[in-house]
There are 4 protein chains.
Amino acid sequence: MRHFEWPVTVYIEDTDAGGIVYYVNYLKYMERARSEWLKRFGITQYELFQKGIQLVVHRLDCRYAKPARLDDELLVSAVIESHTSCRLRFHQEVTRRGEGLCDARVDIACMDATRGKPTRWPTALAAALNG
Amino acid sequence: MRHFEWPVTVYIEDTDAGGIVYYVNYLKYMERARSEWLKRFGITQYELFQKGIQLVVHRLDCRYAKPARLDDELLVSAVIESHTSCRLRFHQEVTRRGEGLCDARVDIACMDATRGKPTRWPTALAAALNG
Amino acid sequence: MRHFEWPVTVYIEDTDAGGIVYYVNYLKYMERARSEWLKRFGITQYELFQKGIQLVVHRLDCRYAKPARLDDELLVSAVIESHTSCRLRFHQEVTRRGEGLCDARVDIACMDATRGKPTRWPTALAAALNG
Amino acid sequence: MRHFEWPVTVYIEDTDAGGIVYYVNYLKYMERARSEWLKRFGITQYELFQKGIQLVVHRLDCRYAKPARLDDELLVSAVIESHTSCRLRFHQEVTRRGEGLCDARVDIACMDATRGKPTRWPTALAAALNG
């Protein structure tokens, strides 16, 4: 399952005085899609935290084309572009009825929170990545 | 439809360093439920804004009993306790598998944004309130 | 020091599509003021977390009178109305050049995070409260 | 004034369940620094909105090195790397006592909100950029 999409509705909390979605909030939408993508492999971040594993964003490169507005129904994709044993690059896009609003490359590392060092992906995820 | 429930999933964006949902964010969840409740009457806040009508919270009274955590699946209710021609009081509760986490009374006024004064509810909503 | 004020500037992140401060965000402003109030006693919440102590909001009662706008310079007060050995009630007000925008009663409990039970205030704070 | 720094304090609202600043929130810190930078030229975004001018982020490229924690005192810089008559690239860095935590390139366009097209910088800013 290398392609994944998650629906997001725009609420007032997401907008700013420009009348559109505050650009920072698209990054929250993208994280929701990644969190739901993980759940497809039976993985929750709560359980990872309990095991001392954190999925850390270490680089974001995001381009904004058009704004979303209050009450818009959006789709947020999550596609794996590349991965190693402890790193993952997602390409994610936010669309409204097929129209691209913004897209990003999001680089994530699997970290051992106590040692502060990269560690291998949980087994279920590693299997999926290499499957 | 005086009782209404809306599901909310807890994501990392909602949590704080205490490892739980930041208490302020339950109020966002409650607003999502009210926004979806409005849509049941064919009303979107975007359209109201276009017409110069704002639904303004003028009082919140919120009690917190137990915290929600990352990845929790919550239900947020929206029940009308009372209303006049331009005011509405909701009682809203956030629950997790039947357990109450927090609840609030939320007082809302229908405002004419240009005049800065209370105005009557949109027709579709007024009909529902008095139906 | 039972009265305390903290300045807050309104940025785009704080606003919503209504062109004003999103009403939920005043509660963040109020927490900033309480955090700075605590620091006056040499107490940081980071240190409290390390000791397993959390200051938990268990009730909020907030009234909104007038909205703040982008670039406004606000003052947020924090005044103790009453306290016991493990509870504290603040009255807090957000003003703009002397004009009241919103005010709240915020009830806080001092909690032992591991046992999930109320516990006594840290010594420095208890001394100040009873001083 | 091509270099500029603005202090930011980390509050609970900024943190997540990992016990650190939620990575998305550094982008809010960076916008606060840019807003304050603008004010140095006598420009507020509220006034720009009134004139139908919006400063729109169209690309963000952000790298995260180390996390900030609750109660940290940070500095956020804003340095202009390049500019044209309607575009501006900032380099911004978040530091804690001289240690770099994250940095970003932020590309901004000056937009005419009604026409949805790029427009020239306000005079005071153009003078400063070319000064």
# chains A, B, ... in the order shown; residues from 1 in each chain; ligands from 1

$ interface_residues --of "chain B" --to "chain A" --cutoff "9 Å" --atoms "only C-alpha atoms" --output "list in words"
Tyr11, Ile12, Glu13, Lys28, Glu31, Arg32, Ser35, Thr44, Gln45, Tyr46, Arg69, Leu70 and Asp71 of chain B

$ select_by_dssp --residues "chain B" --states "strand (DSSP E)" --output "PyMOL selection string"
chain B and resi 5-9+53-64+73-77+79-83+87-96+99-112+117-118

$ residues_around --residues "range 102-115 of chain C" --least-positions-apart "4" --cutoff "6 Å" --atoms "only C-alpha atoms" --output "list of chain:residue names"
C:Gly52, C:Ile53, C:Gln54, C:Leu55, C:Val56, C:Val57, C:His58, C:Arg59, C:Leu60, C:Asp61, C:Cys62, C:Arg63, C:Tyr64, C:Ala65, C:Cys86, C:Arg87, C:Leu88, C:Arg89, C:Phe90, C:His91, C:Gln92, C:Glu93, C:Val94, C:Thr119

$ select_by_dssp --residues "chain D" --states "helix (DSSP H, G or I)" --output "PyMOL selection string"
chain D and resi 12-14+25-39+45-50+123-130

$ write_last_selection --atoms "C-alpha atoms" --output "mmCIF file, in the first residue's frame"
data_model
loop_
_atom_site.group_PDB
_atom_site.id
_atom_site.type_symbol
_atom_site.label_atom_id
_atom_site.label_comp_id
_atom_site.auth_asym_id
_atom_site.auth_seq_id
_atom_site.Cartn_x
_atom_site.Cartn_y
_atom_site.Cartn_z
ATOM 1 C CA ILE D 12 2.610 24.184 26.727
ATOM 2 C CA GLU D 13 0.455 25.099 23.717
ATOM 3 C CA ASP D 14 3.587 24.604 21.559
ATOM 4 C CA ASN D 25 4.998 25.197 15.457
ATOM 5 C CA TYR D 26 8.510 26.397 14.589
ATOM 6 C CA LEU D 27 6.898 27.745 11.429
ATOM 7 C CA LYS D 28 4.622 29.883 13.582
ATOM 8 C CA TYR D 29 7.664 31.172 15.463
ATOM 9 C CA MET D 30 9.283 32.069 12.145
ATOM 10 C CA GLU D 31 6.192 33.966 11.038
ATOM 11 C CA ARG D 32 6.188 35.942 14.292
ATOM 12 C CA ALA D 33 9.768 37.013 13.545
ATOM 13 C CA ARG D 34 8.826 38.065 9.990
ATOM 14 C CA SER D 35 5.807 40.008 11.308
ATOM 15 C CA GLU D 36 7.993 41.883 13.770
ATOM 16 C CA TRP D 37 10.596 42.475 11.057
ATOM 17 C CA LEU D 38 7.873 44.114 8.918
ATOM 18 C CA LYS D 39 6.844 46.364 11.786
ATOM 19 C CA GLN D 45 -0.194 42.994 8.088
ATOM 20 C CA TYR D 46 -3.526 44.309 9.312
ATOM 21 C CA GLU D 47 -2.992 47.454 7.229
ATOM 22 C CA LEU D 48 -1.841 45.398 4.249
ATOM 23 C CA PHE D 49 -5.016 43.256 4.484
ATOM 24 C CA GLN D 50 -7.065 46.488 4.526
ATOM 25 C CA THR D 123 6.847 51.514 -0.864
ATOM 26 C CA ALA D 124 8.373 51.523 2.634
ATOM 27 C CA LEU D 125 9.457 47.924 2.239
ATOM 28 C CA ALA D 126 10.713 48.344 -1.339
ATOM 29 C CA ALA D 127 12.872 51.287 -0.212
ATOM 30 C CA ALA D 128 14.354 49.198 2.595
ATOM 31 C CA LEU D 129 15.017 46.216 0.341
ATOM 32 C CA ASN D 130 16.864 48.333 -2.199
#

$ atom_distance --atom1 "CA of Ile20 in chain C" --atom2 "CA of Leu101 in chain C"
11.8 Å

$ residues_around --residues "Trp6 in chain C" --least-positions-apart "5" --cutoff "7 Å" --atoms "only C-alpha atoms" --output "list in words"
Ala33, Leu75, Val76 and Ser77 of chain C

$ atom_distance --atom1 "CA of Arg97 in chain C" --atom2 "CA of Arg40 in chain D"
21.3 Å

$ atom_distance --atom1 "CA of Thr84 in chain D" --atom2 "CA of Pro122 in chain D"
12.8 Å

$ decode --residues "range 65-79 of chain C" --atoms "C-alpha atoms" --output "JSON list (two decimals), in the first residue's frame"
[["chain", "number", "residue", "atom", "x", "y", "z"],
["C", 65, "ALA", "CA", -17.22, 40.77, 24.97],
["C", 66, "LYS", "CA", -15.24, 42.17, 22.02],
["C", 67, "PRO", "CA", -12.84, 40.62, 19.52],
["C", 68, "ALA", "CA", -9.12, 41.30, 19.10],
["C", 69, "ARG", "CA", -7.64, 41.70, 15.65],
["C", 70, "LEU", "CA", -4.39, 41.01, 13.84],
["C", 71, "ASP", "CA", -1.44, 43.06, 15.18],
["C", 72, "ASP", "CA", -3.30, 44.10, 18.34],
["C", 73, "GLU", "CA", -1.19, 44.53, 21.47],
["C", 74, "LEU", "CA", -3.03, 42.94, 24.39],
["C", 75, "LEU", "CA", -2.50, 42.61, 28.13],
["C", 76, "VAL", "CA", -3.48, 39.41, 29.91],
["C", 77, "SER", "CA", -3.92, 39.50, 33.68],
["C", 78, "ALA", "CA", -3.70, 36.68, 36.21],
["C", 79, "VAL", "CA", -5.21, 37.31, 39.63]]
